[in-house]
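S.K.: Below is the file work31.cif, with mmCIF, C-alpha atoms.
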data_run
loop_
_atom_site.label_atom_id
_atom_site.label_comp_id
_atom_site.auth_asym_id
_atom_site.auth_seq_id
_atom_site.Cartn_x
_atom_site.Cartn_y
_atom_site.Cartn_z
CA MET S 1 54.24 152.53 12.58
CA ASP S 2 55.32 155.58 14.53
CA LEU S 3 54.22 155.25 18.16
CA ALA S 4 52.57 158.68 18.20
CA LEU S 5 50.57 157.81 15.08
CA LEU S 6 49.52 154.48 16.56
CA SER S 7 48.41 156.17 19.78
CA ALA S 8 46.43 158.77 17.81
CA LEU S 9 44.79 156.06 15.70
CA ASN S 10 43.86 154.08 18.80
CA ALA S 11 42.41 157.22 20.37
CA GLU S 12 40.16 157.76 17.36
CA ARG S 13 39.09 154.11 17.47
CA ALA S 14 38.24 154.31 21.16
CA ALA S 15 36.21 157.47 20.58
CA ARG S 16 34.31 155.87 17.64
CA ARG S 17 35.60 158.48 15.19
CA ALA S 18 36.64 157.71 11.61
CA ALA S 19 40.21 158.34 10.48
CA ILE S 20 42.48 157.53 7.55
CA LEU S 21 46.19 156.76 7.65
CA VAL S 22 47.85 158.20 4.55
CA THR S 23 51.14 156.41 3.77
CA ASP S 24 53.63 157.31 1.05
CA THR S 25 54.41 153.88 -0.41
CA ALA S 26 57.87 154.95 -1.59
CA THR S 27 59.14 156.52 1.64
CA GLY S 28 56.91 154.92 4.25
CA GLU S 29 56.11 158.36 5.63
CA ALA S 30 52.62 158.40 7.14
CA ARG S 31 50.16 160.89 8.54
CA LEU S 32 46.75 160.62 10.15
CA VAL S 33 43.70 162.45 8.81
CA ARG S 34 40.68 162.65 11.09
CA GLU S 35 37.28 162.85 9.43
CA ALA S 36 36.64 166.25 10.99
CA GLU S 37 39.78 167.60 9.30
CA ALA S 38 39.45 165.91 5.92
CA GLY S 39 37.69 168.79 4.16
CA ALA S 40 40.81 170.96 4.40
CA ASP S 41 43.22 168.22 3.32
CA PRO S 42 44.89 168.26 -0.13
CA LEU S 43 43.32 164.83 -0.71
CA ALA S 44 39.89 166.02 0.42
CA GLU S 45 37.89 164.58 -2.49
CA GLU S 46 39.54 161.16 -2.35
CA LEU S 47 39.33 161.04 1.44
CA ALA S 48 35.62 161.90 1.36
CA GLU S 49 34.97 158.97 -0.97
CA ARG S 50 36.94 156.63 1.29
CA PHE S 51 35.04 157.81 4.36
CA ARG S 52 31.82 157.20 2.46
CA THR S 53 32.68 153.66 1.36
CA GLY S 54 34.96 152.61 4.22
CA LYS S 55 37.34 150.97 1.72
CA SER S 56 41.12 151.18 1.99
CA GLY S 57 43.27 151.29 -1.14
CA ALA S 58 46.10 152.82 -3.14
CA VAL S 59 45.81 156.06 -5.06
CA GLU S 60 48.20 158.18 -7.12
CA VAL S 61 48.24 161.91 -6.39
CA ASP S 62 50.45 164.28 -8.39
CA GLY S 63 52.80 161.44 -9.28
CA THR S 64 53.02 160.16 -5.70
CA ASN S 65 51.62 156.78 -4.73
CA VAL S 66 49.96 156.66 -1.35
CA PHE S 67 47.99 154.01 0.47
CA LEU S 68 44.87 155.05 2.36
CA THR S 69 44.15 152.84 5.36
CA VAL S 70 40.59 153.57 6.42
CA GLN S 71 39.53 153.06 10.02
CA MET S 72 35.79 153.32 10.52
CA PRO S 73 33.83 152.74 13.73
CA PRO S 74 31.71 149.59 13.54
CA VAL S 75 28.23 150.63 12.44
CA ARG S 76 25.66 149.90 15.13
CA LEU S 77 21.95 149.27 14.89
CA VAL S 78 19.98 149.80 18.07
CA ALA S 79 16.42 148.49 17.83
CA ILE S 80 13.99 149.74 20.44
CA GLY S 81 11.40 147.03 20.90
CA ALA S 82 11.76 143.25 21.17
CA VAL S 83 8.97 142.73 18.63
CA HIS S 84 8.42 140.47 15.64
CA ILE S 85 10.02 142.96 13.28
CA SER S 86 13.14 143.01 15.48
CA GLN S 87 13.27 139.21 15.40
CA ALA S 88 13.48 139.36 11.60
CA LEU S 89 15.68 142.47 11.58
CA ALA S 90 18.46 141.25 13.88
CA PRO S 91 19.81 138.31 11.81
CA MET S 92 19.53 140.29 8.57
CA ALA S 93 21.43 143.20 10.11
CA LYS S 94 24.15 140.89 11.39
CA GLY S 95 24.49 139.61 7.83
CA LEU S 96 25.36 143.20 6.86
CA ASP S 97 28.05 143.29 9.58
CA LEU S 98 26.05 145.66 11.75
CA ASP S 99 26.50 145.50 15.51
CA VAL S 100 22.92 144.90 16.68
CA THR S 101 21.46 145.55 20.11
CA ILE S 102 17.82 145.14 21.14
CA ILE S 103 16.41 147.29 23.95
CA ASP S 104 13.01 146.77 25.55
CA PRO S 105 12.02 147.12 29.22
CA ARG S 106 9.11 144.71 28.72
CA THR S 107 10.59 141.50 30.05
CA ALA S 108 7.82 139.40 28.55
CA PHE S 109 9.16 140.33 25.10
CA ALA S 110 12.87 140.82 25.79
CA THR S 111 13.84 137.19 26.32
CA PRO S 112 16.97 135.36 25.12
CA ASP S 113 14.96 132.58 23.51
CA ARG S 114 13.31 135.11 21.19
CA PHE S 115 16.64 136.78 20.39
CA PRO S 116 19.40 134.17 20.45
CA ASP S 117 22.95 135.43 19.94
CA VAL S 118 21.85 139.09 19.98
CA PRO S 119 22.76 141.53 22.78
CA LEU S 120 19.49 142.19 24.59
CA LEU S 121 18.93 144.83 27.27
CA ALA S 122 15.64 144.49 29.17
CA GLU S 123 15.83 148.09 30.37
CA TRP S 124 14.37 151.48 29.62
CA PRO S 125 16.27 153.26 26.83
CA SER S 126 17.29 156.06 29.20
CA ASP S 127 19.15 153.44 31.27
CA ALA S 128 20.33 151.16 28.47
CA LEU S 129 21.75 153.69 26.01
CA PRO S 130 24.40 155.08 28.39
CA ARG S 131 25.52 151.51 29.05
CA LEU S 132 26.15 151.17 25.32
CA GLY S 133 28.42 154.20 25.49
CA GLY S 134 25.71 156.46 24.11
CA LEU S 135 24.73 157.04 20.51
CA ASP S 136 26.79 158.67 17.74
CA ARG S 137 26.92 159.39 14.00
CA TYR S 138 27.77 155.76 13.26
CA THR S 139 24.66 154.46 14.98
CA ALA S 140 21.28 153.72 13.46
CA LEU S 141 18.20 153.73 15.67
CA ALA S 142 14.96 151.92 14.86
CA CYS S 143 12.03 152.55 17.23
CA LEU S 144 9.52 149.75 16.87
CA THR S 145 7.36 149.58 20.00
CA HIS S 146 4.52 151.99 19.17
CA ASP S 147 4.79 153.05 22.83
CA PRO S 148 5.77 156.71 23.33
CA LYS S 149 7.04 156.01 26.84
CA ILE S 150 9.67 153.69 25.35
CA ASP S 151 10.30 155.17 21.90
CA ASP S 152 10.36 158.91 22.64
CA PRO S 153 13.36 158.99 25.01
CA ALA S 154 15.36 156.98 22.48
CA LEU S 155 14.34 159.28 19.63
CA GLU S 156 15.35 162.33 21.64
CA ALA S 157 18.74 160.78 22.41
CA ALA S 158 19.27 159.87 18.74
CA LEU S 159 18.43 163.37 17.54
CA ARG S 160 20.87 164.92 20.00
CA ALA S 161 23.58 162.45 18.98
CA GLU S 162 23.03 163.03 15.23
CA CYS S 163 22.63 159.34 14.48
CA PHE S 164 23.01 158.77 10.73
CA TYR S 165 19.67 156.96 10.59
CA ILE S 166 16.61 157.34 12.79
CA GLY S 167 13.41 155.50 12.02
CA ALA S 168 10.14 155.05 13.88
CA LEU S 169 7.29 152.65 13.29
CA GLY S 170 3.76 153.96 13.02
CA SER S 171 1.21 155.55 10.72
CA ARG S 172 1.33 159.16 9.59
CA ARG S 173 -1.28 159.96 12.23
CA THR S 174 0.88 158.32 14.88
CA HIS S 175 3.87 160.29 13.66
CA ALA S 176 1.94 163.55 13.73
CA LYS S 177 1.31 163.03 17.44
CA ARG S 178 4.99 162.10 17.85
CA VAL S 179 5.98 165.37 16.18
CA GLU S 180 3.84 167.32 18.63
CA ARG S 181 5.56 165.63 21.57
CA LEU S 182 9.03 166.26 20.17
CA GLN S 183 8.20 169.90 19.49
CA ALA S 184 7.03 170.23 23.08
CA ALA S 185 10.39 168.75 24.12
CA GLY S 186 12.18 171.56 22.28
CA PHE S 187 13.10 169.96 18.94
CA GLY S 188 12.77 172.05 15.80
CA GLU S 189 11.37 171.20 12.40
CA ALA S 190 14.77 170.38 10.87
CA ASP S 191 15.59 167.99 13.71
CA ILE S 192 12.28 166.14 13.51
CA ALA S 193 12.52 165.89 9.71
CA ARG S 194 15.51 163.58 10.18
CA ILE S 195 13.19 160.86 11.50
CA HIS S 196 12.09 158.35 8.85
CA ALA S 197 8.47 157.75 9.66
CA PRO S 198 6.76 155.57 8.73
CA ILE S 199 10.01 153.62 8.98
CA GLY S 200 11.48 151.85 5.95
CA LEU S 201 11.35 152.31 2.20
CA ASP S 202 7.88 152.19 0.70
CA ILE S 203 8.02 148.75 -0.93
CA GLY S 204 4.55 147.66 0.11
CA ALA S 205 5.96 145.57 2.97
CA VAL S 206 3.41 143.61 4.99
CA SER S 207 5.12 140.86 7.00
CA PRO S 208 7.70 141.50 9.74
CA ALA S 209 10.45 140.15 7.46
CA GLU S 210 9.42 142.43 4.60
CA ILE S 211 9.32 145.44 6.94
CA ALA S 212 12.79 144.48 8.19
CA VAL S 213 14.05 144.43 4.58
CA SER S 214 12.57 147.89 3.97
CA ILE S 215 14.23 149.24 7.12
CA LEU S 216 17.65 147.87 6.24
CA ALA S 217 17.40 149.15 2.67
CA GLU S 218 16.62 152.63 3.96
CA LEU S 219 19.40 152.40 6.54
CA VAL S 220 22.02 151.37 3.97
CA SER S 221 20.90 154.17 1.67
CA GLU S 222 21.57 156.69 4.43
CA LEU S 223 24.84 155.03 5.43
CA ARG S 224 26.29 155.26 1.93
CA ARG S 225 25.37 158.86 1.32
CA ASP S 226 28.16 161.46 1.22
CA ARG S 227 29.34 161.50 4.84
CA ARG S 228 31.03 164.91 4.58
CA ARG S 229 29.04 166.36 7.45
CA LYS S 230 29.99 168.44 10.38
CA PRO S 231 31.02 166.16 13.25
#
Once more with this new file: its structure as structure tokens, please.
M.R.:
Amino acid sequence: MDLALLSALNAERAARRAAILVTDTATGEARLVREAEAGADPLAEELAERFRTGKSGAVEVDGTNVFLTVQMPPVRLVAIGAVHISQALAPMAKGLDLDVTIIDPRTAFATPDRFPDVPLLAEWPSDALPRLGGLDRYTALACLTHDPKIDDPALEAALRAECFYIGALGSRRTHAKRVERLQAAGFGEADIARIHAPIGLDIGAVSPAEIAVSILAELVSELRRDRRRKP
């Protein structure tokens, strides 16, 4: 691969931005298409589908065979709250190849024995999230503590970062109070509407494991939507 192309691809990887390497299989000529530029590309429709699915593959365009090598940032799930739902959620999410991190400043809950083999930060979200490199469009956030002091700063950070999925536990009454707080913090109606609350698909979930299933189903649904959004 051309050194300049490799450097550009590595730069996109380091910045957690999606990109596709388009290679002419006959000539070996290659070019890099960043997700932000894909809408203006001659292969825009095919590229959009590849960005949506994350799958590499060959395609024929106007009699020319090209191979599309898709590079997507690893999808992260940040769960705020070392609670029973998180205990069920973490192993399921890892089974979906999600990078999972649990954040909870309450050291009585955030213990390694309750979350084996899962990155666990016993810190306030305002301190922990920067240590993760911040949030981005390839991050899902699930707020599960029911405590505004813990959840709200994470929700605000997720809204600013345009996380592809934002969910928050709680009843509609709880969410109504949450909306008032977010409005007071300067967020508009369209921003707040991006929060899935009550969190998870309405499948009648009762147990922590069932709620975890409903959250992951909702998350995957958002992940696989058309990702042709403004970066």
S.K.: Which stretch 1-115 of chain S residues have any atom within 10 Å of an atom of stretch 151-170 of chain S, and for each, what is the nearest pair of atoms with distance in Å to one decimal, counting only C-alpha atoms, rows sorted by chain and number, as JSON lines?
M.R.:
{"residue": "S:Val75", "atom": "CA", "partner": "S:Phe164", "partner_atom": "CA", "distance": 9.8}
{"residue": "S:Arg76", "atom": "CA", "partner": "S:Cys163", "partner_atom": "CA", "distance": 9.9}
{"residue": "S:Leu77", "atom": "CA", "partner": "S:Tyr165", "partner_atom": "CA", "distance": 9.1}
{"residue": "S:Val78", "atom": "CA", "partner": "S:Ala154", "partner_atom": "CA", "distance": 9.6}
{"residue": "S:Ala79", "atom": "CA", "partner": "S:Gly167", "partner_atom": "CA", "distance": 9.6}
{"residue": "S:Ile80", "atom": "CA", "partner": "S:Asp151", "partner_atom": "CA", "distance": 6.7}
{"residue": "S:Gly81", "atom": "CA", "partner": "S:Asp151", "partner_atom": "CA", "distance": 8.3}
{"residue": "S:Ile103", "atom": "CA", "partner": "S:Ala154", "partner_atom": "CA", "distance": 9.9}
{"residue": "S:Asp104", "atom": "CA", "partner": "S:Asp151", "partner_atom": "CA", "distance": 9.6}
S.K.: Expanded to explicit residues, what is the PyMOL selection byres ((chain S and resi 114) around 12) for this file, as a short mmCIF file (atom, residue, chain, number, x, y, z; two decimals) with C-alpha atoms, in the frame of the given file?
M.R.:
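Okay, this is what ended up in result_38.cif:
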data_model
loop_
_atom_site.label_atom_id
_atom_site.label_comp_id
_atom_site.auth_asym_id
_atom_site.auth_seq_id
_atom_site.Cartn_x
_atom_site.Cartn_y
_atom_site.Cartn_z
CA ALA S 82 11.76 143.25 21.17
CA VAL S 83 8.97 142.73 18.63
CA HIS S 84 8.42 140.47 15.64
CA ILE S 85 10.02 142.96 13.28
CA SER S 86 13.14 143.01 15.48
CA GLN S 87 13.27 139.21 15.40
CA ALA S 88 13.48 139.36 11.60
CA ALA S 90 18.46 141.25 13.88
CA PRO S 91 19.81 138.31 11.81
CA ILE S 102 17.82 145.14 21.14
CA THR S 107 10.59 141.50 30.05
CA ALA S 108 7.82 139.40 28.55
CA PHE S 109 9.16 140.33 25.10
CA ALA S 110 12.87 140.82 25.79
CA THR S 111 13.84 137.19 26.32
CA PRO S 112 16.97 135.36 25.12
CA ASP S 113 14.96 132.58 23.51
CA PHE S 115 16.64 136.78 20.39
CA PRO S 116 19.40 134.17 20.45
CA ASP S 117 22.95 135.43 19.94
CA VAL S 118 21.85 139.09 19.98
CA PRO S 119 22.76 141.53 22.78
CA LEU S 120 19.49 142.19 24.59
#
S.K.: Taking only C-alpha atoms into account, name the residue in S:Val213, S:Ala205, S:Arg224, S:Pro198 that is nearest to S:Arg173.
M.R.: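 The answer is S:Pro198, which sits nearest to S:Arg173.
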S.K.: Residues within 9 Å of S:Asp97, please, as a list in words. Count only C-alpha atoms; anything in the same chain fewer than 2 positions from it doesn't count.
M.R.: Pro74, Val75, Arg76, Ala93, Lys94, Gly95, Asp99 and Val100 of chain S
S.K.: Give the answer as one residue: which of S:Leu201, S:Ala40, S:Leu6, S:Leu47 has the shortest atom-to-atom distance to S:Val22, using only C-alpha atoms?
M.R.: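 Nearest candidate to S:Val22 out of S:Leu201, S:Ala40, S:Leu6, S:Leu47: S:Leu47.
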S.K.: For the structure provided, state which residues fall under the PyMOL selection byres ((chain S and resi 125) around 7), and present them as a PyMOL selection string.
M.R.: chain S and resi 103+123-124+126-129+150+153-154
S.K.: Using the chain letters and residue numbers of this document, give as a PyMOL selection string the residues selected by the PyMOL selection byres ((chain S and resi 46) around 12).
M.R.: chain S and resi 20+22+33+38-45+47-61+66-68+70+226+228
S.K.: How would the residues just picked look written out with C-alpha atoms as a PDB file, in the frame of the given file?
M.R.:
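What ended up in result28.pdb:
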ATOM      1  CA  ILE S  20      42.480 157.530   7.550  1.00  0.00           C
ATOM      2  CA  VAL S  22      47.850 158.200   4.550  1.00  0.00           C
ATOM      3  CA  VAL S  33      43.700 162.450   8.810  1.00  0.00           C
ATOM      4  CA  ALA S  38      39.450 165.910   5.920  1.00  0.00           C
ATOM      5  CA  GLY S  39      37.690 168.790   4.160  1.00  0.00           C
ATOM      6  CA  ALA S  40      40.810 170.960   4.400  1.00  0.00           C
ATOM      7  CA  ASP S  41      43.220 168.220   3.320  1.00  0.00           C
ATOM      8  CA  PRO S  42      44.890 168.260  -0.130  1.00  0.00           C
ATOM      9  CA  LEU S  43      43.320 164.830  -0.710  1.00  0.00           C
ATOM     10  CA  ALA S  44      39.890 166.020   0.420  1.00  0.00           C
ATOM     11  CA  GLU S  45      37.890 164.580  -2.490  1.00  0.00           C
ATOM     12  CA  LEU S  47      39.330 161.040   1.440  1.00  0.00           C
ATOM     13  CA  ALA S  48      35.620 161.900   1.360  1.00  0.00           C
ATOM     14  CA  GLU S  49      34.970 158.970  -0.970  1.00  0.00           C
ATOM     15  CA  ARG S  50      36.940 156.630   1.290  1.00  0.00           C
ATOM     16  CA  PHE S  51      35.040 157.810   4.360  1.00  0.00           C
ATOM     17  CA  ARG S  52      31.820 157.200   2.460  1.00  0.00           C
ATOM     18  CA  THR S  53      32.680 153.660   1.360  1.00  0.00           C
ATOM     19  CA  GLY S  54      34.960 152.610   4.220  1.00  0.00           C
ATOM     20  CA  LYS S  55      37.340 150.970   1.720  1.00  0.00           C
ATOM     21  CA  SER S  56      41.120 151.180   1.990  1.00  0.00           C
ATOM     22  CA  GLY S  57      43.270 151.290  -1.140  1.00  0.00           C
ATOM     23  CA  ALA S  58      46.100 152.820  -3.140  1.00  0.00           C
ATOM     24  CA  VAL S  59      45.810 156.060  -5.060  1.00  0.00           C
ATOM     25  CA  GLU S  60      48.200 158.180  -7.120  1.00  0.00           C
ATOM     26  CA  VAL S  61      48.240 161.910  -6.390  1.00  0.00           C
ATOM     27  CA  VAL S  66      49.960 156.660  -1.350  1.00  0.00           C
ATOM     28  CA  PHE S  67      47.990 154.010   0.470  1.00  0.00           C
ATOM     29  CA  LEU S  68      44.870 155.050   2.360  1.00  0.00           C
ATOM     30  CA  VAL S  70      40.590 153.570   6.420  1.00  0.00           C
ATOM     31  CA  ASP S 226      28.160 161.460   1.220  1.00  0.00           C
ATOM     32  CA  ARG S 228      31.030 164.910   4.580  1.00  0.00           C
TER      33      ARG S 228
END
S.K.: Can you work out which one of S:Gln71, S:Glu222, S:Arg194, S:Ala14 has the shortest atom-to-atom distance to S:Arg34, counting all atoms listed in the file?
M.R.: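 Closest to S:Arg34 of all the choices is S:Gln71.
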S.K.: Can you tell me how far atom CA of S:Ala36 sits from atom CA of S:Gly133, in Å to one decimal?
M.R.: 20.6 Å
S.K.: Compile the contact shell of S:Leu32 as an NGL selection string: residues with an atom at most 8 Å away, counting all atoms listed in the file, same-chain residues fewer than 5 positions apart removed.
M.R.: :S and (5 or 8-9 or 19-22)
S.K.: Choose the residue, out of S:Ala176, S:Ile215, S:Ala4, S:Ala18, that has the smallest atom-to-atom separation from S:Cys143; count only C-alpha atoms.
M.R.: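 Nearest candidate to S:Cys143 out of S:Ala176, S:Ile215, S:Ala4, S:Ala18: S:Ile215.
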S.K.: Using atom CA of S:Val206 and atom CA of S:Leu89 as the two end points, give the distance in Å to one decimal.
M.R.: 14.0 Å
S.K.: Rounded to one decimal, what separation in Å do you get between atom CA of S:Glu180 and atom CA of S:Ala142?
M.R.: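 We find that atom CA of S:Glu180 and atom CA of S:Ala142 lie 19.4 Å from each other.
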S.K.: List every protein, DNA or RNA residue that has an atom no more than 9 Å from (5.1, 161.0, 19.7) in the file's coordinate frame, counting all atoms listed in the file, and report them as a VMD selection string.
M.R.: chain S and resid 147 to 149 151 to 152 174 to 182
S.K.: Can those selected residues be exported to a file as a short mmCIF file (atom, residue, chain, number, x, y, z; two decimals), keeping the file's coordinate frame so that it contains C-alpha atoms?
M.R.:
data_model
loop_
_atom_site.label_atom_id
_atom_site.label_comp_id
_atom_site.auth_asym_id
_atom_site.auth_seq_id
_atom_site.Cartn_x
_atom_site.Cartn_y
_atom_site.Cartn_z
CA ASP S 147 4.79 153.05 22.83
CA PRO S 148 5.77 156.71 23.33
CA LYS S 149 7.04 156.01 26.84
CA ASP S 151 10.30 155.17 21.90
CA ASP S 152 10.36 158.91 22.64
CA THR S 174 0.88 158.32 14.88
CA HIS S 175 3.87 160.29 13.66
CA ALA S 176 1.94 163.55 13.73
CA LYS S 177 1.31 163.03 17.44
CA ARG S 178 4.99 162.10 17.85
CA VAL S 179 5.98 165.37 16.18
CA GLU S 180 3.84 167.32 18.63
CA ARG S 181 5.56 165.63 21.57
CA LEU S 182 9.03 166.26 20.17
#
S.K.: Smallest atom-to-atom distance to S:Ala26: which of S:Asp2, S:Tyr138, S:Ala11, S:Thr64, using only C-alpha atoms?
M.R.: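 Closest residue, counting only C-alpha atoms: S:Thr64.
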